[in-house]
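S.K.: One structure, as structure tokens, below. Some questions next.
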Amino acid sequence: MPTGNSSLIENLEDLRKEVFSALQGAGDLRALEEVRVRYLGKKGAIKSLQKGLGSLTPEERPKVGAQVNQLHDEVESALESKRDALESSALEERLKKEQIDISLPGREDRPGTPHPVSILIDEISTIFARMGYDIYAHREIETDYYNFEALNFPADHPARDMQDTFFVGEGLLLRSHTSNAQIHYMEHQKPPFKMITPGRCYRCDTQDATHLPLFHQVEGLVVAKDISMAHLKWTLETFLRELFGPKTEIRMRPSFFPFTEPSAEVDVWFEGKDGEGKWLEMLGAGLVDPNVLLACQIDPEEWSGFAFGVGVERLAMVRYGIKDIRMFYENDVRVLRQFEGQRQSWRR
Ligand code: DAH
């Protein structure tokens, strides 16, 4: 440490310049801390000056001492205000950085997609609503009377075997077809009328590629004067052409259902890619059996009607080329996402 009053004072001046330029150059809090340690730390330049005051003469000591102390205080307060400044600019910087970055691409917004079965039910409803049909819904938990008896299945009729369902106690069962809604509708409506009734049905079937214990049907019922098989055929042809295209060909084969007489099964011709086509069975239909009308207090001498029932999953399988009915209900998004963008038409 230099001795002698004037050189010490000069050194002090140099030191002051040095400290202040170091302070100015400190760009962040860490650099500032380094400056503090270098000059004010235990082994720092100013601290060692203070310690060295003891070696001065008693005359020099108070004067030089006062100057060193003054420098010490100046540096200390300059350090403090520099620290404040750096802290607030660091905060500002952070606030700026942590703002939401609107240039980041957002997370994809995936609206749900209507289920293929819903799409089809809506389409069928739209087609029939345009032809003036009521869209009607009724219960899935049913009594034997509405599911079988009133539809002309007497208690021991073998046709019941085809529709084994779930019996849930107290004479109740899960409806095995939507035909039950025919009876409910006719109990409250006076003919003439036209209605379809879509909904869930249940059967005690073992699952496989074409059977599930829960599935959907759309039932149709028309009662008016002089209804014939010709009305039925025209209606089904019109419906199936709307659904599968204007060139669609259908055929009707004789069949049996307790609630229709005569009864028919309706097939649709599908052209394969290889040029080979085939008839696919699509629905059951027929003229309403007089016993069914009678059960609903409708006079079969005055009124006649036709009815039909179609499996919605079956239609959807043909329409969308789905080979296994279980795919509809496995909730595999790879299947369901294919229907993205399809809107339920009658809600438009
Ligand atoms: N209910 C029948 C079934 O589930 C389908 C059916 C056939 C309904 C003929 C009808 C009909 O209305 O006339 O197998």
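Residues are named by chain letter and number: chains run A, B, ... in the order of the structure tokens, numbers start at 1 in each chain, and ligands are numbered from 1 in the order shown.
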Report as JSON, numbers by chain all protein, DNA and RNA residues lying within 7 Å of range 157-171 of chain A, evaluated on only C-alpha atoms, omitting residues in the same chain fewer than 4 positions from it.

M.R.: {"A": [143, 144, 153, 176, 202, 203, 204]}

S.K.: Go ahead and write the selection's residues with N, CA, C and O atoms as a PDB file, in the first residue's frame.

M.R.:
```pdb
ATOM      1  N   THR A 143     -93.641 -53.918 -21.507  1.00  0.00           N
ATOM      2  CA  THR A 143     -94.379 -55.088 -21.001  1.00  0.00           C
ATOM      3  C   THR A 143     -94.513 -56.090 -22.134  1.00  0.00           C
ATOM      4  O   THR A 143     -94.382 -55.744 -23.310  1.00  0.00           O
ATOM      5  N   ASP A 144     -94.805 -57.315 -21.739  1.00  0.00           N
ATOM      6  CA  ASP A 144     -95.013 -58.374 -22.726  1.00  0.00           C
ATOM      7  C   ASP A 144     -96.120 -57.967 -23.705  1.00  0.00           C
ATOM      8  O   ASP A 144     -96.035 -58.233 -24.897  1.00  0.00           O
ATOM      9  N   PHE A 153     -98.338 -61.762 -31.335  1.00  0.00           N
ATOM     10  CA  PHE A 153     -97.546 -62.931 -30.940  1.00  0.00           C
ATOM     11  C   PHE A 153     -98.278 -63.510 -29.728  1.00  0.00           C
ATOM     12  O   PHE A 153     -98.062 -63.001 -28.625  1.00  0.00           O
ATOM     13  N   SER A 176     -87.553 -55.961 -27.850  1.00  0.00           N
ATOM     14  CA  SER A 176     -86.712 -56.696 -28.795  1.00  0.00           C
ATOM     15  C   SER A 176     -86.786 -56.081 -30.183  1.00  0.00           C
ATOM     16  O   SER A 176     -86.082 -56.479 -31.097  1.00  0.00           O
ATOM     17  N   TYR A 202     -83.089 -54.554 -27.909  1.00  0.00           N
ATOM     18  CA  TYR A 202     -82.218 -55.491 -27.180  1.00  0.00           C
ATOM     19  C   TYR A 202     -82.591 -56.926 -27.531  1.00  0.00           C
ATOM     20  O   TYR A 202     -83.769 -57.244 -27.682  1.00  0.00           O
ATOM     21  N   ARG A 203     -81.575 -57.759 -27.636  1.00  0.00           N
ATOM     22  CA  ARG A 203     -81.859 -59.188 -27.780  1.00  0.00           C
ATOM     23  C   ARG A 203     -80.779 -59.983 -27.089  1.00  0.00           C
ATOM     24  O   ARG A 203     -79.631 -59.555 -27.021  1.00  0.00           O
ATOM     25  N   CYS A 204     -81.198 -61.146 -26.619  1.00  0.00           N
ATOM     26  CA  CYS A 204     -80.280 -62.005 -25.892  1.00  0.00           C
ATOM     27  C   CYS A 204     -79.420 -62.772 -26.892  1.00  0.00           C
ATOM     28  O   CYS A 204     -79.406 -63.992 -26.880  1.00  0.00           O
TER      29      CYS A 204
END
```

S.K.: Quick one: residues within 8 Å of ligand 1, with only C-alpha atoms and all ligand atoms, as a PyMOL selection string?

M.R.: chain A and resi 163+176-179+217+219-221+257+259-260+263-265+283-288+306-311

S.K.: Just want the 12 Å neighbourhood of Ile124 in chain A, counted on only C-alpha atoms, with same-chain residues fewer than 2 positions away dropped. Output as a PDB file with C-alpha atoms, in the first residue's frame.

M.R.:
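The resulting selection-v6.pdb:
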```pdb
ATOM      1  CA  VAL A 117     -75.593 -44.707 -36.158  1.00  0.00           C
ATOM      2  CA  SER A 118     -76.807 -41.234 -35.162  1.00  0.00           C
ATOM      3  CA  ILE A 119     -75.931 -39.891 -38.594  1.00  0.00           C
ATOM      4  CA  LEU A 120     -78.025 -42.572 -40.212  1.00  0.00           C
ATOM      5  CA  ILE A 121     -80.982 -42.198 -37.856  1.00  0.00           C
ATOM      6  CA  ASP A 122     -80.958 -38.485 -38.605  1.00  0.00           C
ATOM      7  CA  THR A 126     -85.011 -36.372 -42.590  1.00  0.00           C
ATOM      8  CA  ILE A 127     -86.092 -38.495 -45.540  1.00  0.00           C
ATOM      9  CA  PHE A 128     -89.358 -39.531 -43.887  1.00  0.00           C
ATOM     10  CA  ALA A 129     -90.055 -36.117 -42.355  1.00  0.00           C
ATOM     11  CA  ARG A 130     -89.949 -34.740 -45.903  1.00  0.00           C
ATOM     12  CA  MET A 131     -92.582 -37.304 -46.856  1.00  0.00           C
ATOM     13  CA  TYR A 133     -94.098 -38.693 -41.400  1.00  0.00           C
ATOM     14  CA  ILE A 135     -90.971 -38.868 -35.856  1.00  0.00           C
ATOM     15  CA  MET A 195     -94.936 -42.209 -38.581  1.00  0.00           C
ATOM     16  CA  ILE A 196     -91.459 -43.589 -38.067  1.00  0.00           C
ATOM     17  CA  THR A 197     -89.999 -44.465 -34.715  1.00  0.00           C
ATOM     18  CA  PRO A 198     -86.227 -44.860 -34.317  1.00  0.00           C
ATOM     19  CA  GLN A 217     -84.031 -50.010 -35.520  1.00  0.00           C
ATOM     20  CA  VAL A 218     -86.271 -47.613 -37.339  1.00  0.00           C
ATOM     21  CA  GLU A 219     -89.865 -48.740 -37.554  1.00  0.00           C
ATOM     22  CA  GLY A 220     -92.368 -47.254 -39.975  1.00  0.00           C
ATOM     23  CA  LEU A 236     -89.360 -48.374 -49.469  1.00  0.00           C
ATOM     24  CA  THR A 238     -88.054 -44.122 -52.532  1.00  0.00           C
ATOM     25  CA  PHE A 239     -86.457 -44.347 -49.092  1.00  0.00           C
ATOM     26  CA  LEU A 240     -83.685 -46.730 -50.137  1.00  0.00           C
ATOM     27  CA  ARG A 241     -82.935 -44.702 -53.286  1.00  0.00           C
ATOM     28  CA  GLU A 242     -82.551 -41.560 -51.171  1.00  0.00           C
ATOM     29  CA  LEU A 243     -80.155 -43.446 -48.954  1.00  0.00           C
ATOM     30  CA  PHE A 244     -78.132 -45.468 -51.475  1.00  0.00           C
ATOM     31  CA  VAL A 310     -84.970 -51.746 -40.497  1.00  0.00           C
ATOM     32  CA  GLY A 311     -81.771 -52.353 -38.524  1.00  0.00           C
ATOM     33  CA  VAL A 312     -79.723 -49.162 -38.397  1.00  0.00           C
ATOM     34  CA  LEU A 315     -77.605 -50.079 -42.953  1.00  0.00           C
ATOM     35  CA  ALA A 316     -74.548 -48.300 -41.563  1.00  0.00           C
ATOM     36  CA  GLN A 344     -76.664 -34.159 -38.289  1.00  0.00           C
ATOM     37  CA  SER A 345     -78.678 -33.012 -41.237  1.00  0.00           C
ATOM     38  CA  TRP A 346     -82.040 -32.252 -39.675  1.00  0.00           C
TER      39      TRP A 346
END
```

S.K.: Can you list, as a PyMOL selection string, all residues belonging to range 117-259 of chain A that DSSP tags as strand (DSSP E)?

M.R.: chain A and resi 134-135+141-143+167-169+172-174+193-202+214-224+250-257

S.K.: Generate the output file for the selected residues, N, CA and C atoms, as a short mmCIF file (atom, residue, chain, number, x, y, z; two decimals), in the first residue's frame.

M.R.:
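The new file selection-v9.cif reads:
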```cif
data_model
loop_
_atom_site.label_atom_id
_atom_site.label_comp_id
_atom_site.auth_asym_id
_atom_site.auth_seq_id
_atom_site.Cartn_x
_atom_site.Cartn_y
_atom_site.Cartn_z
N ASP A 134 -94.55 -38.41 -39.03
CA ASP A 134 -94.21 -38.02 -37.66
C ASP A 134 -92.97 -38.79 -37.24
N ILE A 135 -92.10 -38.15 -36.45
CA ILE A 135 -90.97 -38.87 -35.86
C ILE A 135 -91.35 -39.09 -34.40
N ILE A 141 -88.03 -50.04 -22.01
CA ILE A 141 -88.43 -51.05 -21.02
C ILE A 141 -89.92 -51.23 -21.21
N GLU A 142 -90.31 -52.47 -21.48
CA GLU A 142 -91.64 -52.69 -22.03
C GLU A 142 -92.33 -53.85 -21.34
N THR A 143 -93.64 -53.92 -21.51
CA THR A 143 -94.38 -55.09 -21.00
C THR A 143 -94.51 -56.09 -22.13
N PHE A 167 -85.36 -60.26 -19.65
CA PHE A 167 -86.52 -60.06 -18.80
C PHE A 167 -86.04 -59.44 -17.50
N VAL A 168 -86.60 -58.28 -17.16
CA VAL A 168 -86.04 -57.53 -16.04
C VAL A 168 -86.95 -57.57 -14.81
N GLY A 169 -87.87 -58.53 -14.79
CA GLY A 169 -88.69 -58.71 -13.60
C GLY A 169 -90.00 -57.95 -13.66
N LEU A 172 -91.66 -57.16 -16.90
CA LEU A 172 -91.02 -56.20 -17.80
C LEU A 172 -89.86 -56.84 -18.56
N LEU A 173 -89.64 -56.31 -19.75
CA LEU A 173 -88.54 -56.81 -20.58
C LEU A 173 -87.95 -55.64 -21.35
N LEU A 174 -86.77 -55.84 -21.91
CA LEU A 174 -86.20 -54.82 -22.79
C LEU A 174 -86.73 -55.11 -24.18
N PHE A 193 -102.59 -41.76 -40.67
CA PHE A 193 -101.32 -41.21 -40.17
C PHE A 193 -100.13 -41.94 -40.78
N LYS A 194 -98.98 -41.26 -40.67
CA LYS A 194 -97.70 -41.83 -41.11
C LYS A 194 -96.69 -41.51 -40.03
N MET A 195 -95.97 -42.50 -39.59
CA MET A 195 -94.94 -42.21 -38.58
C MET A 195 -93.76 -43.16 -38.71
N ILE A 196 -92.58 -42.68 -38.28
CA ILE A 196 -91.46 -43.59 -38.07
C ILE A 196 -91.02 -43.44 -36.62
N THR A 197 -90.44 -44.50 -36.10
CA THR A 197 -90.00 -44.47 -34.71
C THR A 197 -88.64 -45.13 -34.59
N PRO A 198 -87.58 -44.31 -34.45
CA PRO A 198 -86.23 -44.86 -34.32
C PRO A 198 -85.92 -45.14 -32.85
N GLY A 199 -85.04 -46.09 -32.58
CA GLY A 199 -84.62 -46.28 -31.19
C GLY A 199 -83.84 -47.56 -30.95
N ARG A 200 -83.47 -47.74 -29.67
CA ARG A 200 -82.67 -48.89 -29.26
C ARG A 200 -83.52 -50.12 -29.06
N CYS A 201 -82.94 -51.27 -29.35
CA CYS A 201 -83.60 -52.55 -29.12
C CYS A 201 -82.58 -53.50 -28.50
N TYR A 202 -83.09 -54.55 -27.91
CA TYR A 202 -82.22 -55.49 -27.18
C TYR A 202 -82.59 -56.93 -27.53
N LEU A 214 -77.38 -55.11 -28.05
CA LEU A 214 -78.04 -53.81 -28.16
C LEU A 214 -77.83 -53.32 -29.58
N PHE A 215 -78.89 -52.86 -30.21
CA PHE A 215 -78.78 -52.34 -31.57
C PHE A 215 -79.92 -51.35 -31.80
N HIS A 216 -79.99 -50.79 -32.99
CA HIS A 216 -81.02 -49.78 -33.27
C HIS A 216 -81.88 -50.20 -34.46
N GLN A 217 -83.12 -49.80 -34.38
CA GLN A 217 -84.03 -50.01 -35.52
C GLN A 217 -84.78 -48.71 -35.81
N VAL A 218 -85.26 -48.63 -37.03
CA VAL A 218 -86.27 -47.61 -37.34
C VAL A 218 -87.49 -48.37 -37.86
N GLU A 219 -88.61 -48.11 -37.20
CA GLU A 219 -89.87 -48.74 -37.55
C GLU A 219 -90.70 -47.72 -38.30
N GLY A 220 -91.46 -48.18 -39.29
CA GLY A 220 -92.37 -47.25 -39.97
C GLY A 220 -93.78 -47.80 -39.94
N LEU A 221 -94.75 -46.90 -39.89
CA LEU A 221 -96.15 -47.34 -39.86
C LEU A 221 -97.02 -46.31 -40.58
N VAL A 222 -97.81 -46.82 -41.52
CA VAL A 222 -98.77 -45.94 -42.22
C VAL A 222 -100.14 -46.60 -42.11
N VAL A 223 -101.13 -45.87 -41.68
CA VAL A 223 -102.50 -46.39 -41.69
C VAL A 223 -103.39 -45.37 -42.38
N ALA A 224 -104.11 -45.83 -43.37
CA ALA A 224 -105.01 -44.94 -44.12
C ALA A 224 -106.05 -45.82 -44.83
N ILE A 250 -84.52 -52.73 -55.63
CA ILE A 250 -84.91 -53.55 -54.48
C ILE A 250 -85.78 -54.73 -54.95
N ARG A 251 -85.85 -55.74 -54.12
CA ARG A 251 -86.81 -56.82 -54.39
C ARG A 251 -87.47 -57.23 -53.08
N MET A 252 -88.67 -57.77 -53.20
CA MET A 252 -89.40 -58.21 -52.01
C MET A 252 -89.61 -59.71 -52.10
N ARG A 253 -89.28 -60.39 -50.99
CA ARG A 253 -89.50 -61.84 -50.91
C ARG A 253 -90.54 -62.11 -49.86
N PRO A 254 -91.42 -63.11 -50.09
CA PRO A 254 -92.41 -63.45 -49.07
C PRO A 254 -91.74 -63.88 -47.78
N SER A 255 -92.31 -63.50 -46.67
CA SER A 255 -91.72 -63.86 -45.38
C SER A 255 -92.85 -63.99 -44.36
N PHE A 256 -92.48 -64.06 -43.09
CA PHE A 256 -93.51 -64.11 -42.06
C PHE A 256 -93.16 -63.24 -40.87
N PHE A 257 -94.11 -62.40 -40.47
CA PHE A 257 -94.06 -61.70 -39.19
C PHE A 257 -95.47 -61.77 -38.62
#
```

S.K.: So which residues of range 80-293 of chain A fall under helix (DSSP H, G or I) by DSSP, listed as a PyMOL selection string?

M.R.: chain A and resi 80-97+116-130+144-147+149-151+158-163+180-188+229-244+290-293

S.K.: With only C-alpha atoms as the counted atoms, please give the residues lying no more than 8 Å from Tyr146 in chain A, apart from itself and same-chain residues fewer than 4 positions off, as a compact mmCIF listing (two decimals) with C-alpha atoms, in the first residue's frame.

M.R.:
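As a result, selection04.txt now contains:
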```
# COMPACT_ATOMS: atom_id res chain seq x y z
CA GLU A 142 -91.64 -52.69 -22.03
CA ALA A 150 -100.67 -56.73 -29.07
CA LEU A 151 -98.43 -57.41 -32.08
CA ASN A 180 -93.86 -51.83 -29.68
CA ALA A 181 -94.07 -48.14 -30.56
CA ILE A 183 -99.09 -49.97 -30.53
CA HIS A 184 -98.42 -46.94 -28.31
```

S.K.: What is the distance between CA of Ala209 in chain A and CA of Phe328 in chain A, in Å to one decimal?

M.R.: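 Separation of CA of Ala209 in chain A and CA of Phe328 in chain A: 10.9 Å.
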
S.K.: Rank A:Val75, A:Leu56, A:Val64, A:Leu232 by their smallest atom-to-atom distance to Lys17 in chain A, using only C-alpha atoms, and report the top residue only.

M.R.: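 Looking only at the distances to Lys17 in chain A, the closest residue turns out to be A:Val75.
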
S.K.: Find, counting only C-alpha atoms, the residue in A:Arg36, A:Lys225, A:Lys97, A:His188 that gets nearest to Leu79 in chain A.

M.R.: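 Between A:Arg36, A:Lys225, A:Lys97, A:His188, the residue approaching Leu79 in chain A most closely is A:Arg36.
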
S.K.: Would you kindly return, as a PyMOL selection string, each protein, DNA or RNA residue with an atom no farther than 10 Å from any atom of range 86-88 of chain A, considering only C-alpha atoms and excluding same-chain residues fewer than 5 positions away?

M.R.: chain A and resi 26-29+32+80-81+93-94

S.K.: Okay, now the selection with N, CA and C atoms, as a PDB file, in the first residue's frame?

M.R.:
```pdb
ATOM      1  N   ALA A  26     -21.246  -3.121 -14.788  1.00  0.00           N
ATOM      2  CA  ALA A  26     -21.923  -4.339 -14.301  1.00  0.00           C
ATOM      3  C   ALA A  26     -23.304  -4.444 -14.916  1.00  0.00           C
ATOM      4  N   GLY A  27     -23.473  -5.436 -15.806  1.00  0.00           N
ATOM      5  CA  GLY A  27     -24.726  -5.530 -16.573  1.00  0.00           C
ATOM      6  C   GLY A  27     -25.804  -6.327 -15.864  1.00  0.00           C
ATOM      7  N   ASP A  28     -25.413  -7.118 -14.879  1.00  0.00           N
ATOM      8  CA  ASP A  28     -26.465  -7.858 -14.163  1.00  0.00           C
ATOM      9  C   ASP A  28     -26.069  -8.023 -12.708  1.00  0.00           C
ATOM     10  N   LEU A  29     -26.931  -8.658 -11.947  1.00  0.00           N
ATOM     11  CA  LEU A  29     -26.735  -8.722 -10.501  1.00  0.00           C
ATOM     12  C   LEU A  29     -25.485  -9.509 -10.128  1.00  0.00           C
ATOM     13  N   LEU A  32     -22.554  -7.324 -10.599  1.00  0.00           N
ATOM     14  CA  LEU A  32     -22.556  -6.296  -9.549  1.00  0.00           C
ATOM     15  C   LEU A  32     -21.997  -6.856  -8.240  1.00  0.00           C
ATOM     16  N   GLU A  80     -25.950   0.104  -4.030  1.00  0.00           N
ATOM     17  CA  GLU A  80     -27.332  -0.167  -3.684  1.00  0.00           C
ATOM     18  C   GLU A  80     -28.303   0.315  -4.755  1.00  0.00           C
ATOM     19  N   SER A  81     -28.059   1.536  -5.236  1.00  0.00           N
ATOM     20  CA  SER A  81     -29.031   2.012  -6.229  1.00  0.00           C
ATOM     21  C   SER A  81     -28.866   1.263  -7.548  1.00  0.00           C
ATOM     22  N   GLU A  93     -37.858  -7.641 -17.457  1.00  0.00           N
ATOM     23  CA  GLU A  93     -37.451  -8.602 -18.484  1.00  0.00           C
ATOM     24  C   GLU A  93     -38.238  -9.903 -18.338  1.00  0.00           C
ATOM     25  N   ARG A  94     -38.338 -10.366 -17.068  1.00  0.00           N
ATOM     26  CA  ARG A  94     -39.013 -11.634 -16.820  1.00  0.00           C
ATOM     27  C   ARG A  94     -40.491 -11.530 -17.174  1.00  0.00           C
TER      28      ARG A  94
END
```

S.K.: Find the spatial neighbours of Lys278 in chain A, counting only C-alpha atoms, within a cut-off of 9 Å - ignore same-chain residues fewer than 3 positions away - and output them as number ranges by chain.

M.R.: A: 268-272
